[in-house]
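S.K.: My file is model-v2.cif. It has mmCIF, N, CA and C atoms:
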data_coords
#
loop_
_atom_site.label_atom_id
_atom_site.label_comp_id
_atom_site.auth_asym_id
_atom_site.auth_seq_id
_atom_site.Cartn_x
_atom_site.Cartn_y
_atom_site.Cartn_z
N SER A 1 45.80 62.68 139.20
CA SER A 1 45.58 63.71 138.19
C SER A 1 45.41 65.06 138.86
N LYS A 2 45.50 66.12 138.02
CA LYS A 2 45.40 67.47 138.54
C LYS A 2 44.02 67.73 139.17
N ASN A 3 42.95 67.26 138.51
CA ASN A 3 41.60 67.45 139.06
C ASN A 3 41.42 66.72 140.38
N ALA A 4 41.99 65.53 140.50
CA ALA A 4 41.89 64.78 141.75
C ALA A 4 42.59 65.53 142.87
N ARG A 5 43.76 66.13 142.56
CA ARG A 5 44.49 66.90 143.59
C ARG A 5 43.67 68.10 144.03
N LYS A 6 43.05 68.80 143.06
CA LYS A 6 42.22 69.96 143.42
C LYS A 6 41.08 69.54 144.34
N LYS A 7 40.47 68.40 144.02
CA LYS A 7 39.39 67.91 144.87
C LYS A 7 39.92 67.59 146.26
N ASP A 8 41.09 66.98 146.34
CA ASP A 8 41.67 66.66 147.63
C ASP A 8 41.96 67.93 148.43
N VAL A 9 42.53 68.94 147.78
CA VAL A 9 42.82 70.21 148.46
C VAL A 9 41.52 70.87 148.91
N ALA A 10 40.52 70.87 148.05
CA ALA A 10 39.23 71.47 148.41
C ALA A 10 38.62 70.74 149.61
N SER A 11 38.71 69.42 149.63
CA SER A 11 38.18 68.65 150.76
C SER A 11 38.93 68.98 152.04
N LEU A 12 40.25 69.07 151.94
CA LEU A 12 41.05 69.43 153.12
C LEU A 12 40.69 70.82 153.63
N LEU A 13 40.53 71.77 152.71
CA LEU A 13 40.17 73.13 153.13
C LEU A 13 38.84 73.14 153.87
N GLN A 14 37.88 72.36 153.39
CA GLN A 14 36.59 72.27 154.08
C GLN A 14 36.76 71.69 155.49
N GLU A 15 37.62 70.69 155.62
CA GLU A 15 37.89 70.12 156.94
C GLU A 15 38.52 71.15 157.87
N PHE A 16 39.48 71.92 157.34
CA PHE A 16 40.12 72.95 158.16
C PHE A 16 39.10 73.98 158.63
N ILE A 17 38.28 74.46 157.69
CA ILE A 17 37.27 75.48 158.02
C ILE A 17 36.33 74.97 159.09
N ALA A 18 35.97 73.70 159.00
CA ALA A 18 35.04 73.11 159.97
C ALA A 18 35.62 73.08 161.39
N THR A 19 36.94 73.20 161.55
CA THR A 19 37.54 73.17 162.89
C THR A 19 37.58 74.54 163.56
N SER A 20 37.22 75.58 162.84
CA SER A 20 37.33 76.94 163.39
C SER A 20 36.52 77.10 164.68
N ASP A 21 35.26 76.70 164.64
CA ASP A 21 34.42 76.86 165.83
C ASP A 21 34.87 75.96 166.98
N SER A 22 35.14 74.69 166.67
CA SER A 22 35.48 73.75 167.74
C SER A 22 36.84 74.05 168.37
N LEU A 23 37.79 74.50 167.58
CA LEU A 23 39.13 74.79 168.10
C LEU A 23 39.30 76.26 168.48
N GLY A 24 38.44 77.11 167.97
CA GLY A 24 38.49 78.54 168.32
C GLY A 24 39.59 79.33 167.65
N TRP A 25 40.05 78.88 166.47
CA TRP A 25 41.09 79.66 165.81
C TRP A 25 40.50 80.84 165.05
N ASP A 26 41.30 81.91 164.99
CA ASP A 26 40.94 83.11 164.24
C ASP A 26 41.68 83.16 162.91
N ALA A 27 42.84 82.53 162.84
CA ALA A 27 43.62 82.45 161.61
C ALA A 27 44.35 81.11 161.62
N LEU A 28 44.44 80.50 160.43
CA LEU A 28 45.06 79.20 160.30
C LEU A 28 46.06 79.26 159.16
N ASN A 29 47.34 79.08 159.48
CA ASN A 29 48.41 79.13 158.49
C ASN A 29 48.49 77.77 157.79
N LEU A 30 48.40 77.79 156.46
CA LEU A 30 48.41 76.57 155.65
C LEU A 30 49.78 76.30 155.03
N GLY A 31 50.74 77.20 155.24
CA GLY A 31 52.05 77.04 154.61
C GLY A 31 53.17 77.60 155.45
N ARG A 32 53.15 77.30 156.73
CA ARG A 32 54.14 77.89 157.63
C ARG A 32 55.57 77.53 157.23
N CYS A 33 56.49 78.37 157.68
CA CYS A 33 57.91 78.07 157.49
C CYS A 33 58.67 78.58 158.71
N TYR A 34 59.88 78.07 158.86
CA TYR A 34 60.78 78.48 159.94
C TYR A 34 60.13 78.44 161.32
N ASP A 35 59.26 77.48 161.53
CA ASP A 35 58.62 77.34 162.84
C ASP A 35 59.48 76.45 163.72
N GLN A 36 59.30 76.57 164.99
CA GLN A 36 59.99 75.70 165.94
C GLN A 36 59.05 74.55 166.28
N CYS A 37 58.99 73.59 165.35
CA CYS A 37 58.00 72.51 165.38
C CYS A 37 58.08 71.64 166.63
N HIS A 38 59.22 71.60 167.27
CA HIS A 38 59.33 70.78 168.48
C HIS A 38 58.46 71.32 169.61
N THR A 39 57.96 72.55 169.47
CA THR A 39 57.08 73.13 170.50
C THR A 39 55.60 72.99 170.15
N ASP A 40 55.28 72.37 169.01
CA ASP A 40 53.88 72.23 168.58
C ASP A 40 53.03 71.52 169.63
N THR A 41 51.81 71.98 169.75
CA THR A 41 50.79 71.28 170.53
C THR A 41 49.71 70.86 169.55
N THR A 42 49.49 69.56 169.40
CA THR A 42 48.47 69.07 168.47
C THR A 42 47.10 69.32 169.07
N LEU A 43 46.23 69.98 168.29
CA LEU A 43 44.87 70.25 168.73
C LEU A 43 43.89 69.22 168.18
N VAL A 44 44.13 68.78 166.94
CA VAL A 44 43.30 67.75 166.33
C VAL A 44 44.05 67.15 165.15
N GLU A 45 43.83 65.86 164.91
CA GLU A 45 44.38 65.22 163.72
C GLU A 45 43.24 64.93 162.78
N LEU A 46 43.37 65.37 161.53
CA LEU A 46 42.35 65.19 160.51
C LEU A 46 42.73 64.03 159.60
N ASP A 47 41.90 63.79 158.60
CA ASP A 47 42.20 62.74 157.63
C ASP A 47 43.54 63.00 156.97
N ALA A 48 44.12 61.97 156.44
CA ALA A 48 45.39 62.03 155.71
C ALA A 48 46.55 62.44 156.62
N GLY A 49 46.39 62.34 157.93
CA GLY A 49 47.48 62.63 158.84
C GLY A 49 47.80 64.10 159.02
N VAL A 50 46.95 64.98 158.56
CA VAL A 50 47.17 66.42 158.71
C VAL A 50 46.68 66.83 160.10
N ARG A 51 47.51 67.59 160.80
CA ARG A 51 47.16 68.03 162.14
C ARG A 51 47.01 69.54 162.19
N VAL A 52 46.10 70.02 163.03
CA VAL A 52 46.03 71.43 163.37
C VAL A 52 46.80 71.56 164.67
N VAL A 53 47.77 72.48 164.67
CA VAL A 53 48.65 72.63 165.83
C VAL A 53 48.72 74.08 166.29
N LYS A 54 48.94 74.23 167.57
CA LYS A 54 49.31 75.53 168.11
C LYS A 54 50.82 75.56 168.04
N SER A 55 51.36 76.53 167.33
CA SER A 55 52.80 76.57 167.12
C SER A 55 53.38 77.87 167.64
N TYR A 56 54.67 77.87 167.81
CA TYR A 56 55.34 78.99 168.45
C TYR A 56 55.53 80.20 167.54
N ARG A 57 56.03 79.97 166.30
CA ARG A 57 56.33 81.11 165.44
C ARG A 57 56.17 80.74 163.97
N ALA A 58 54.95 80.59 163.56
CA ALA A 58 54.68 80.24 162.17
C ALA A 58 54.92 81.46 161.28
N LEU A 59 55.97 81.38 160.49
CA LEU A 59 56.24 82.44 159.52
C LEU A 59 55.71 82.00 158.16
N CYS A 60 55.87 82.84 157.16
CA CYS A 60 55.38 82.63 155.80
C CYS A 60 53.87 82.75 155.76
N ALA A 61 53.41 83.84 155.22
CA ALA A 61 51.97 84.12 155.19
C ALA A 61 51.42 84.07 153.77
N GLN A 62 51.94 83.13 152.95
CA GLN A 62 51.46 83.05 151.57
C GLN A 62 50.13 82.32 151.45
N SER A 63 49.73 81.58 152.47
CA SER A 63 48.45 80.87 152.39
C SER A 63 47.89 80.70 153.80
N TYR A 64 46.69 81.19 153.97
CA TYR A 64 46.06 81.12 155.29
C TYR A 64 44.56 81.25 155.14
N ILE A 65 43.86 80.87 156.18
CA ILE A 65 42.42 81.08 156.29
C ILE A 65 42.23 81.98 157.50
N VAL A 66 41.37 82.96 157.38
CA VAL A 66 41.13 83.88 158.50
C VAL A 66 39.62 84.07 158.67
N THR A 67 39.18 84.12 159.91
CA THR A 67 37.77 84.37 160.21
C THR A 67 37.51 85.88 160.18
N LYS A 68 36.25 86.26 160.19
CA LYS A 68 35.92 87.69 160.24
C LYS A 68 36.47 88.32 161.51
N LYS A 69 36.33 87.63 162.63
CA LYS A 69 36.88 88.14 163.89
C LYS A 69 38.39 88.30 163.80
N GLY A 70 39.06 87.30 163.20
CA GLY A 70 40.50 87.37 163.03
C GLY A 70 40.92 88.53 162.15
N ALA A 71 40.17 88.78 161.09
CA ALA A 71 40.48 89.90 160.18
C ALA A 71 40.33 91.23 160.92
N ARG A 72 39.27 91.36 161.72
CA ARG A 72 39.08 92.60 162.48
C ARG A 72 40.23 92.81 163.47
N THR A 73 40.63 91.75 164.14
CA THR A 73 41.72 91.85 165.11
C THR A 73 43.01 92.27 164.41
N MET A 74 43.31 91.65 163.26
CA MET A 74 44.53 92.00 162.53
C MET A 74 44.51 93.46 162.09
N LEU A 75 43.37 93.93 161.63
CA LEU A 75 43.28 95.34 161.22
C LEU A 75 43.47 96.27 162.41
N ASP A 76 42.94 95.91 163.56
CA ASP A 76 43.13 96.72 164.76
C ASP A 76 44.60 96.76 165.15
N TYR A 77 45.31 95.65 165.02
CA TYR A 77 46.73 95.63 165.37
C TYR A 77 47.55 96.42 164.37
N GLU A 78 47.11 96.51 163.14
CA GLU A 78 47.82 97.34 162.17
C GLU A 78 47.78 98.79 162.62
N LYS A 79 46.64 99.23 163.13
CA LYS A 79 46.49 100.61 163.58
C LYS A 79 47.32 100.89 164.82
N THR A 80 47.32 99.95 165.76
CA THR A 80 48.00 100.21 167.03
C THR A 80 49.50 99.95 166.98
N LEU A 81 49.93 99.00 166.18
CA LEU A 81 51.34 98.65 166.15
C LEU A 81 52.07 99.16 164.91
N GLY A 82 51.33 99.52 163.88
CA GLY A 82 51.95 100.00 162.65
C GLY A 82 52.76 98.93 161.93
N LEU A 83 52.38 97.67 162.11
CA LEU A 83 53.12 96.58 161.47
C LEU A 83 52.55 96.29 160.10
N PRO A 84 53.37 96.27 159.05
CA PRO A 84 52.87 96.13 157.69
C PRO A 84 52.55 94.72 157.25
N GLU A 85 53.21 93.72 157.80
CA GLU A 85 53.05 92.37 157.30
C GLU A 85 52.06 91.58 158.12
N ASP A 86 51.25 90.80 157.43
CA ASP A 86 50.28 89.95 158.11
C ASP A 86 50.93 89.12 159.20
N GLU A 87 52.02 88.44 158.84
CA GLU A 87 52.58 87.49 159.80
C GLU A 87 53.07 88.18 161.06
N TRP A 88 53.59 89.39 160.98
CA TRP A 88 54.06 90.07 162.18
C TRP A 88 52.90 90.54 163.04
N ARG A 89 51.84 91.03 162.39
CA ARG A 89 50.64 91.42 163.14
C ARG A 89 50.07 90.21 163.86
N TRP A 90 49.99 89.08 163.14
CA TRP A 90 49.42 87.88 163.73
C TRP A 90 50.23 87.43 164.92
N ARG A 91 51.55 87.43 164.75
CA ARG A 91 52.40 86.98 165.87
C ARG A 91 52.22 87.90 167.07
N ALA A 92 52.21 89.20 166.83
CA ALA A 92 52.04 90.15 167.94
C ALA A 92 50.68 89.94 168.62
N ALA A 93 49.64 89.84 167.82
CA ALA A 93 48.30 89.67 168.38
C ALA A 93 48.17 88.34 169.11
N SER A 94 48.72 87.28 168.54
CA SER A 94 48.59 85.97 169.19
C SER A 94 49.45 85.89 170.45
N GLN A 95 50.63 86.51 170.44
CA GLN A 95 51.47 86.49 171.64
C GLN A 95 50.86 87.32 172.77
N GLN A 96 50.01 88.29 172.40
CA GLN A 96 49.34 89.09 173.42
C GLN A 96 47.96 88.54 173.77
N GLY A 97 47.61 87.38 173.21
CA GLY A 97 46.36 86.72 173.54
C GLY A 97 45.12 87.27 172.85
N ALA A 98 45.29 88.15 171.87
CA ALA A 98 44.13 88.73 171.18
C ALA A 98 43.69 87.91 169.97
N LEU A 99 44.51 86.96 169.53
CA LEU A 99 44.23 86.22 168.31
C LEU A 99 44.70 84.78 168.48
N ASN A 100 43.85 83.83 168.14
CA ASN A 100 44.24 82.42 168.13
C ASN A 100 44.71 82.09 166.73
N TYR A 101 46.03 82.03 166.56
CA TYR A 101 46.67 81.81 165.26
C TYR A 101 47.34 80.45 165.28
N TYR A 102 46.78 79.49 164.54
CA TYR A 102 47.27 78.13 164.53
C TYR A 102 47.81 77.78 163.15
N SER A 103 48.37 76.58 163.04
CA SER A 103 48.97 76.12 161.78
C SER A 103 48.52 74.70 161.50
N ILE A 104 48.75 74.26 160.26
CA ILE A 104 48.58 72.85 159.94
C ILE A 104 49.94 72.25 159.67
N THR A 105 50.03 70.96 159.90
CA THR A 105 51.25 70.23 159.58
C THR A 105 50.88 68.82 159.15
N PRO A 106 51.47 68.31 158.08
CA PRO A 106 52.42 69.02 157.23
C PRO A 106 51.71 70.14 156.47
N ARG A 107 52.49 71.14 156.10
CA ARG A 107 51.91 72.29 155.41
C ARG A 107 51.38 71.87 154.04
N LEU A 108 50.40 72.62 153.57
CA LEU A 108 49.75 72.33 152.31
C LEU A 108 50.37 73.13 151.15
N PHE A 109 50.89 74.31 151.44
CA PHE A 109 51.45 75.19 150.42
C PHE A 109 52.85 75.65 150.82
N THR A 110 53.69 75.92 149.80
CA THR A 110 55.04 76.45 150.04
C THR A 110 55.27 77.65 149.12
N GLN A 111 56.26 78.44 149.46
CA GLN A 111 56.67 79.55 148.59
C GLN A 111 57.64 79.03 147.54
N ASN A 112 57.60 79.62 146.37
CA ASN A 112 58.52 79.27 145.30
C ASN A 112 59.51 80.43 145.15
N ARG A 113 60.62 80.32 145.82
CA ARG A 113 61.64 81.38 145.73
C ARG A 113 62.70 80.96 144.75
N GLN A 114 62.91 81.80 143.74
CA GLN A 114 63.89 81.51 142.70
C GLN A 114 65.05 82.48 142.81
N LYS A 115 66.21 82.04 142.33
CA LYS A 115 67.43 82.84 142.48
C LYS A 115 67.30 84.25 141.90
N ASP A 116 66.66 84.40 140.75
CA ASP A 116 66.56 85.72 140.15
C ASP A 116 65.27 86.44 140.52
N GLY A 117 64.59 85.96 141.52
CA GLY A 117 63.32 86.54 141.92
C GLY A 117 63.50 87.68 142.90
N LEU A 118 62.44 88.03 143.54
CA LEU A 118 62.39 89.14 144.47
C LEU A 118 63.42 89.01 145.59
N HIS A 119 63.64 87.79 146.08
CA HIS A 119 64.49 87.59 147.25
C HIS A 119 65.96 87.35 146.92
N LYS A 120 66.32 87.28 145.64
CA LYS A 120 67.69 87.17 145.15
C LYS A 120 68.36 85.82 145.41
N VAL A 121 67.87 85.05 146.36
CA VAL A 121 68.48 83.77 146.69
C VAL A 121 67.44 82.68 146.53
N ALA A 122 67.81 81.62 145.81
CA ALA A 122 66.92 80.45 145.73
C ALA A 122 66.99 79.79 147.10
N GLN A 123 65.93 79.95 147.84
CA GLN A 123 65.98 79.58 149.24
C GLN A 123 65.00 78.46 149.55
N ARG A 124 65.45 77.50 150.30
CA ARG A 124 64.53 76.51 150.83
C ARG A 124 63.75 77.20 151.93
N MET A 125 62.50 76.91 152.01
CA MET A 125 61.67 77.50 153.05
C MET A 125 61.16 76.35 153.92
N PRO A 126 61.99 75.85 154.82
CA PRO A 126 61.59 74.67 155.59
C PRO A 126 60.42 74.96 156.52
N GLU A 127 59.58 73.96 156.67
CA GLU A 127 58.46 74.11 157.61
C GLU A 127 58.99 74.28 159.03
N CYS A 128 59.97 73.48 159.37
CA CYS A 128 60.56 73.51 160.71
C CYS A 128 61.99 74.04 160.62
N TRP A 129 62.43 74.68 161.66
CA TRP A 129 63.70 75.39 161.63
C TRP A 129 64.65 74.87 162.69
N ASP A 130 65.81 74.44 162.25
CA ASP A 130 66.91 74.06 163.12
C ASP A 130 67.92 75.20 163.00
N LEU A 131 68.00 76.02 164.02
CA LEU A 131 68.78 77.25 163.97
C LEU A 131 70.21 77.05 163.52
N GLU A 132 70.93 76.13 164.12
CA GLU A 132 72.34 75.94 163.78
C GLU A 132 72.52 75.45 162.35
N LYS A 133 71.73 74.49 161.93
CA LYS A 133 71.82 73.97 160.57
C LYS A 133 71.50 75.06 159.56
N GLU A 134 70.45 75.80 159.80
CA GLU A 134 70.07 76.87 158.87
C GLU A 134 71.13 77.96 158.81
N ARG A 135 71.72 78.29 159.95
CA ARG A 135 72.76 79.32 159.96
C ARG A 135 73.94 78.90 159.09
N ARG A 136 74.37 77.63 159.21
CA ARG A 136 75.47 77.13 158.39
C ARG A 136 75.13 77.18 156.90
N GLU A 137 73.92 76.73 156.55
CA GLU A 137 73.52 76.72 155.14
C GLU A 137 73.37 78.13 154.59
N HIS A 138 72.85 79.06 155.40
CA HIS A 138 72.70 80.44 154.97
C HIS A 138 74.08 81.08 154.74
N GLU A 139 75.02 80.84 155.63
CA GLU A 139 76.37 81.37 155.47
C GLU A 139 77.01 80.84 154.20
N LYS A 140 76.79 79.58 153.90
CA LYS A 140 77.31 78.97 152.67
C LYS A 140 76.72 79.68 151.44
N GLU A 141 75.39 79.91 151.45
CA GLU A 141 74.75 80.60 150.33
C GLU A 141 75.30 82.01 150.16
N LEU A 142 75.51 82.72 151.26
CA LEU A 142 76.05 84.08 151.18
C LEU A 142 77.46 84.08 150.60
N LYS A 143 78.30 83.13 151.01
CA LYS A 143 79.66 83.04 150.47
C LYS A 143 79.62 82.75 148.96
N GLU A 144 78.69 81.90 148.54
CA GLU A 144 78.55 81.61 147.12
C GLU A 144 78.13 82.85 146.34
N LEU A 145 77.23 83.63 146.91
CA LEU A 145 76.81 84.89 146.26
C LEU A 145 77.98 85.88 146.18
N GLU A 146 78.72 86.02 147.26
CA GLU A 146 79.87 86.93 147.27
C GLU A 146 80.91 86.50 146.23
N ALA A 147 81.15 85.19 146.13
CA ALA A 147 82.11 84.68 145.15
C ALA A 147 81.62 84.95 143.74
N ALA A 148 80.32 84.82 143.50
CA ALA A 148 79.77 85.07 142.16
C ALA A 148 79.84 86.55 141.80
N ASP A 149 79.71 87.43 142.80
CA ASP A 149 79.77 88.88 142.55
C ASP A 149 81.19 89.39 142.38
N ALA A 150 82.17 88.63 142.87
CA ALA A 150 83.57 89.10 142.84
C ALA A 150 84.17 89.00 141.46
#
The structure given in the file should be rewritten as structure tokens.
M.R.:
Amino acid sequence: SKNARKKDVASLLQEFIATSDSLGWDALNLGRCYDQCHTDTTLVELDAGVRVVKSYRALCAQSYIVTKKGARTMLDYEKTLGLPEDEWRWRAASQQGALNYYSITPRLFTQNRQKDGLHKVAQRMPECWDLEKERREHEKELKELEAADA
């Protein structure tokens, strides 16, 4: 039921939050996409098979948990780098060692991109990214759009 799912999500969120001190994360992505999952390093496995991982390039910032220290770091990087999006600031800060930005897998949340929405293309937002496969599928979608516009 819907209430049971909410309870399950709430329980999972509490488990994630409880790992902040022990794992030392400043931000935790709950809905990553286009990551290179083959490079993941598992930090801990929680109930229900959900893992907290250190990942290479977690994109999609629609759902995350951030600590106060993480929020301060992100705001500082906005000032120094002028980067507007959370995910780009996080990546820059984490790649420079100023922020511990981790992910969960499997992801808990996804984006809902619809064809007539902001992004114009009904797009799958895969958690993990296979560059060649995605390039072929993206080219196919673009050709379909061009054909529809012609």
S.K.: A:Arg51, A:Arg107, A:Arg72, A:Arg57: which is nearest Gln36 of chain A, counting only C-alpha atoms?
M.R.: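 With only C-alpha atoms as the atom set, the closest residue is A:Arg57.
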S.K.: Counting only N, CA and C atoms, which residue out of A:Gln62, A:Ile104, A:Tyr77, A:His38 sits closest to Ala92 of chain A?
M.R.: A:Tyr77
S.K.: Could you pull out the alpha helix (DSSP H) residues of segment 25-114 of chain A, going by DSSP on the backbone, and write them as a list in words?
M.R.: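 Residues of segment 25-114 of chain A classed as alpha helix (DSSP H): Lys68, Lys69, Gly70, Ala71, Arg72, Thr73, Met74, Leu75, Asp76, Tyr77, Glu78, Lys79, Thr80, Leu81, Asp86, Glu87, Trp88, Arg89, Trp90, Arg91, Ala92, Ala93, Ser94 and Gln95 of chain A.
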S.K.: Write a file of the selected residues as a PDB file, keeping the file's coordinate frame, keeping N, CA and C atoms.
M.R.:
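The resulting file, out03.pdb, is reproduced below:
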ATOM      1  N   LYS A  68      36.250  86.260 160.190  1.00  0.00           N
ATOM      2  CA  LYS A  68      35.920  87.690 160.240  1.00  0.00           C
ATOM      3  C   LYS A  68      36.470  88.320 161.510  1.00  0.00           C
ATOM      4  N   LYS A  69      36.330  87.630 162.630  1.00  0.00           N
ATOM      5  CA  LYS A  69      36.880  88.140 163.890  1.00  0.00           C
ATOM      6  C   LYS A  69      38.390  88.300 163.800  1.00  0.00           C
ATOM      7  N   GLY A  70      39.060  87.300 163.200  1.00  0.00           N
ATOM      8  CA  GLY A  70      40.500  87.370 163.030  1.00  0.00           C
ATOM      9  C   GLY A  70      40.920  88.530 162.150  1.00  0.00           C
ATOM     10  N   ALA A  71      40.170  88.780 161.090  1.00  0.00           N
ATOM     11  CA  ALA A  71      40.480  89.900 160.180  1.00  0.00           C
ATOM     12  C   ALA A  71      40.330  91.230 160.920  1.00  0.00           C
ATOM     13  N   ARG A  72      39.270  91.360 161.720  1.00  0.00           N
ATOM     14  CA  ARG A  72      39.080  92.600 162.480  1.00  0.00           C
ATOM     15  C   ARG A  72      40.230  92.810 163.470  1.00  0.00           C
ATOM     16  N   THR A  73      40.630  91.750 164.140  1.00  0.00           N
ATOM     17  CA  THR A  73      41.720  91.850 165.110  1.00  0.00           C
ATOM     18  C   THR A  73      43.010  92.270 164.410  1.00  0.00           C
ATOM     19  N   MET A  74      43.310  91.650 163.260  1.00  0.00           N
ATOM     20  CA  MET A  74      44.530  92.000 162.530  1.00  0.00           C
ATOM     21  C   MET A  74      44.510  93.460 162.090  1.00  0.00           C
ATOM     22  N   LEU A  75      43.370  93.930 161.630  1.00  0.00           N
ATOM     23  CA  LEU A  75      43.280  95.340 161.220  1.00  0.00           C
ATOM     24  C   LEU A  75      43.470  96.270 162.410  1.00  0.00           C
ATOM     25  N   ASP A  76      42.940  95.910 163.560  1.00  0.00           N
ATOM     26  CA  ASP A  76      43.130  96.720 164.760  1.00  0.00           C
ATOM     27  C   ASP A  76      44.600  96.760 165.150  1.00  0.00           C
ATOM     28  N   TYR A  77      45.310  95.650 165.020  1.00  0.00           N
ATOM     29  CA  TYR A  77      46.730  95.630 165.370  1.00  0.00           C
ATOM     30  C   TYR A  77      47.550  96.420 164.370  1.00  0.00           C
ATOM     31  N   GLU A  78      47.110  96.510 163.140  1.00  0.00           N
ATOM     32  CA  GLU A  78      47.820  97.340 162.170  1.00  0.00           C
ATOM     33  C   GLU A  78      47.780  98.790 162.620  1.00  0.00           C
ATOM     34  N   LYS A  79      46.640  99.230 163.130  1.00  0.00           N
ATOM     35  CA  LYS A  79      46.490 100.610 163.580  1.00  0.00           C
ATOM     36  C   LYS A  79      47.320 100.890 164.820  1.00  0.00           C
ATOM     37  N   THR A  80      47.320  99.950 165.760  1.00  0.00           N
ATOM     38  CA  THR A  80      48.000 100.210 167.030  1.00  0.00           C
ATOM     39  C   THR A  80      49.500  99.950 166.980  1.00  0.00           C
ATOM     40  N   LEU A  81      49.930  99.000 166.180  1.00  0.00           N
ATOM     41  CA  LEU A  81      51.340  98.650 166.150  1.00  0.00           C
ATOM     42  C   LEU A  81      52.070  99.160 164.910  1.00  0.00           C
ATOM     43  N   ASP A  86      51.250  90.800 157.430  1.00  0.00           N
ATOM     44  CA  ASP A  86      50.280  89.950 158.110  1.00  0.00           C
ATOM     45  C   ASP A  86      50.930  89.120 159.200  1.00  0.00           C
ATOM     46  N   GLU A  87      52.020  88.440 158.840  1.00  0.00           N
ATOM     47  CA  GLU A  87      52.580  87.490 159.800  1.00  0.00           C
ATOM     48  C   GLU A  87      53.070  88.180 161.060  1.00  0.00           C
ATOM     49  N   TRP A  88      53.590  89.390 160.980  1.00  0.00           N
ATOM     50  CA  TRP A  88      54.060  90.070 162.180  1.00  0.00           C
ATOM     51  C   TRP A  88      52.900  90.540 163.040  1.00  0.00           C
ATOM     52  N   ARG A  89      51.840  91.030 162.390  1.00  0.00           N
ATOM     53  CA  ARG A  89      50.640  91.420 163.140  1.00  0.00           C
ATOM     54  C   ARG A  89      50.070  90.210 163.860  1.00  0.00           C
ATOM     55  N   TRP A  90      49.990  89.080 163.140  1.00  0.00           N
ATOM     56  CA  TRP A  90      49.420  87.880 163.730  1.00  0.00           C
ATOM     57  C   TRP A  90      50.230  87.430 164.920  1.00  0.00           C
ATOM     58  N   ARG A  91      51.550  87.430 164.750  1.00  0.00           N
ATOM     59  CA  ARG A  91      52.400  86.980 165.870  1.00  0.00           C
ATOM     60  C   ARG A  91      52.220  87.900 167.070  1.00  0.00           C
ATOM     61  N   ALA A  92      52.210  89.200 166.830  1.00  0.00           N
ATOM     62  CA  ALA A  92      52.040  90.150 167.940  1.00  0.00           C
ATOM     63  C   ALA A  92      50.680  89.940 168.620  1.00  0.00           C
ATOM     64  N   ALA A  93      49.640  89.840 167.820  1.00  0.00           N
ATOM     65  CA  ALA A  93      48.300  89.670 168.380  1.00  0.00           C
ATOM     66  C   ALA A  93      48.170  88.340 169.110  1.00  0.00           C
ATOM     67  N   SER A  94      48.720  87.280 168.540  1.00  0.00           N
ATOM     68  CA  SER A  94      48.590  85.970 169.190  1.00  0.00           C
ATOM     69  C   SER A  94      49.450  85.890 170.450  1.00  0.00           C
ATOM     70  N   GLN A  95      50.630  86.510 170.440  1.00  0.00           N
ATOM     71  CA  GLN A  95      51.470  86.490 171.640  1.00  0.00           C
ATOM     72  C   GLN A  95      50.860  87.320 172.770  1.00  0.00           C
TER      73      GLN A  95
END
S.K.: Please measure the separation of atom N of Gln111 of chain A and atom CA of Cys37 of chain A, giving the value in Å to one decimal.
M.R.: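 Pair atom N of Gln111 of chain A / atom CA of Cys37 of chain A returns 17.1 Å.
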S.K.: Using all atoms listed in the file, which of the listed residues (A:Ser94, A:Thr105, A:Trp25, A:Tyr34) sits closest to Ile65 of chain A?
M.R.: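 Under the stated criterion, the closest residue is A:Trp25.
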S.K.: Provide the atom N of Ala48 of chain A to atom CA of Gln14 of chain A distance in Å, to one decimal place.
M.R.: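 Here the two named atoms are 13.0 Å from each other.
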S.K.: Between atom C of Val66 of chain A and atom CA of Glu45 of chain A, measure the distance and give it in Å to one decimal.
M.R.: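 Separation between atom C of Val66 of chain A and atom CA of Glu45 of chain A: 20.1 Å.
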S.K.: Mind telling me what the PyMOL selection byres ((chain A and resi 56) around 7) catches here, as a list in words?
M.R.: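 Those residues are Asp35, Gln36, Cys37, Thr39, Asp40, Thr41, Lys54, Ser55, Arg57 and Ala58 of chain A.
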S.K.: Please return the centre and edge lengths, in Å to one decimal, of a box with edges along x, y and z that contains all listed atoms of segment 19-36 of chain A, widened by 5 Å on every side, as lines of an AutoDock Vina configuration file.
M.R.:
center_x = 47.6
center_y = 78.2
center_z = 161.5
size_x = 36.4
size_y = 20.0
size_z = 23.9
S.K.: I'd like to know which of A:Met125, A:Glu144, A:Ser11, A:Val52 is closest to Asn112 of chain A, using only N, CA and C atoms.
M.R.: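 Ranked by minimum distance to Asn112 of chain A, first place goes to A:Met125.
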S.K.: Point out the residue among A:Leu142, A:Pro126, A:Lys69, A:Leu12 with the least atom-to-atom distance to Leu99 of chain A, counting only C-alpha atoms.
M.R.: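 Once distances to Leu99 of chain A are computed over only C-alpha atoms, the minimum belongs to A:Lys69.
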S.K.: Between A:Val50, A:Ala27, A:Ala150, A:Ile17, which residue has the minimum interatomic distance to Ala71 of chain A, considering all atoms listed in the file?
M.R.: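 Using all atoms listed in the file, the shortest distance to Ala71 of chain A belongs to A:Ala27.
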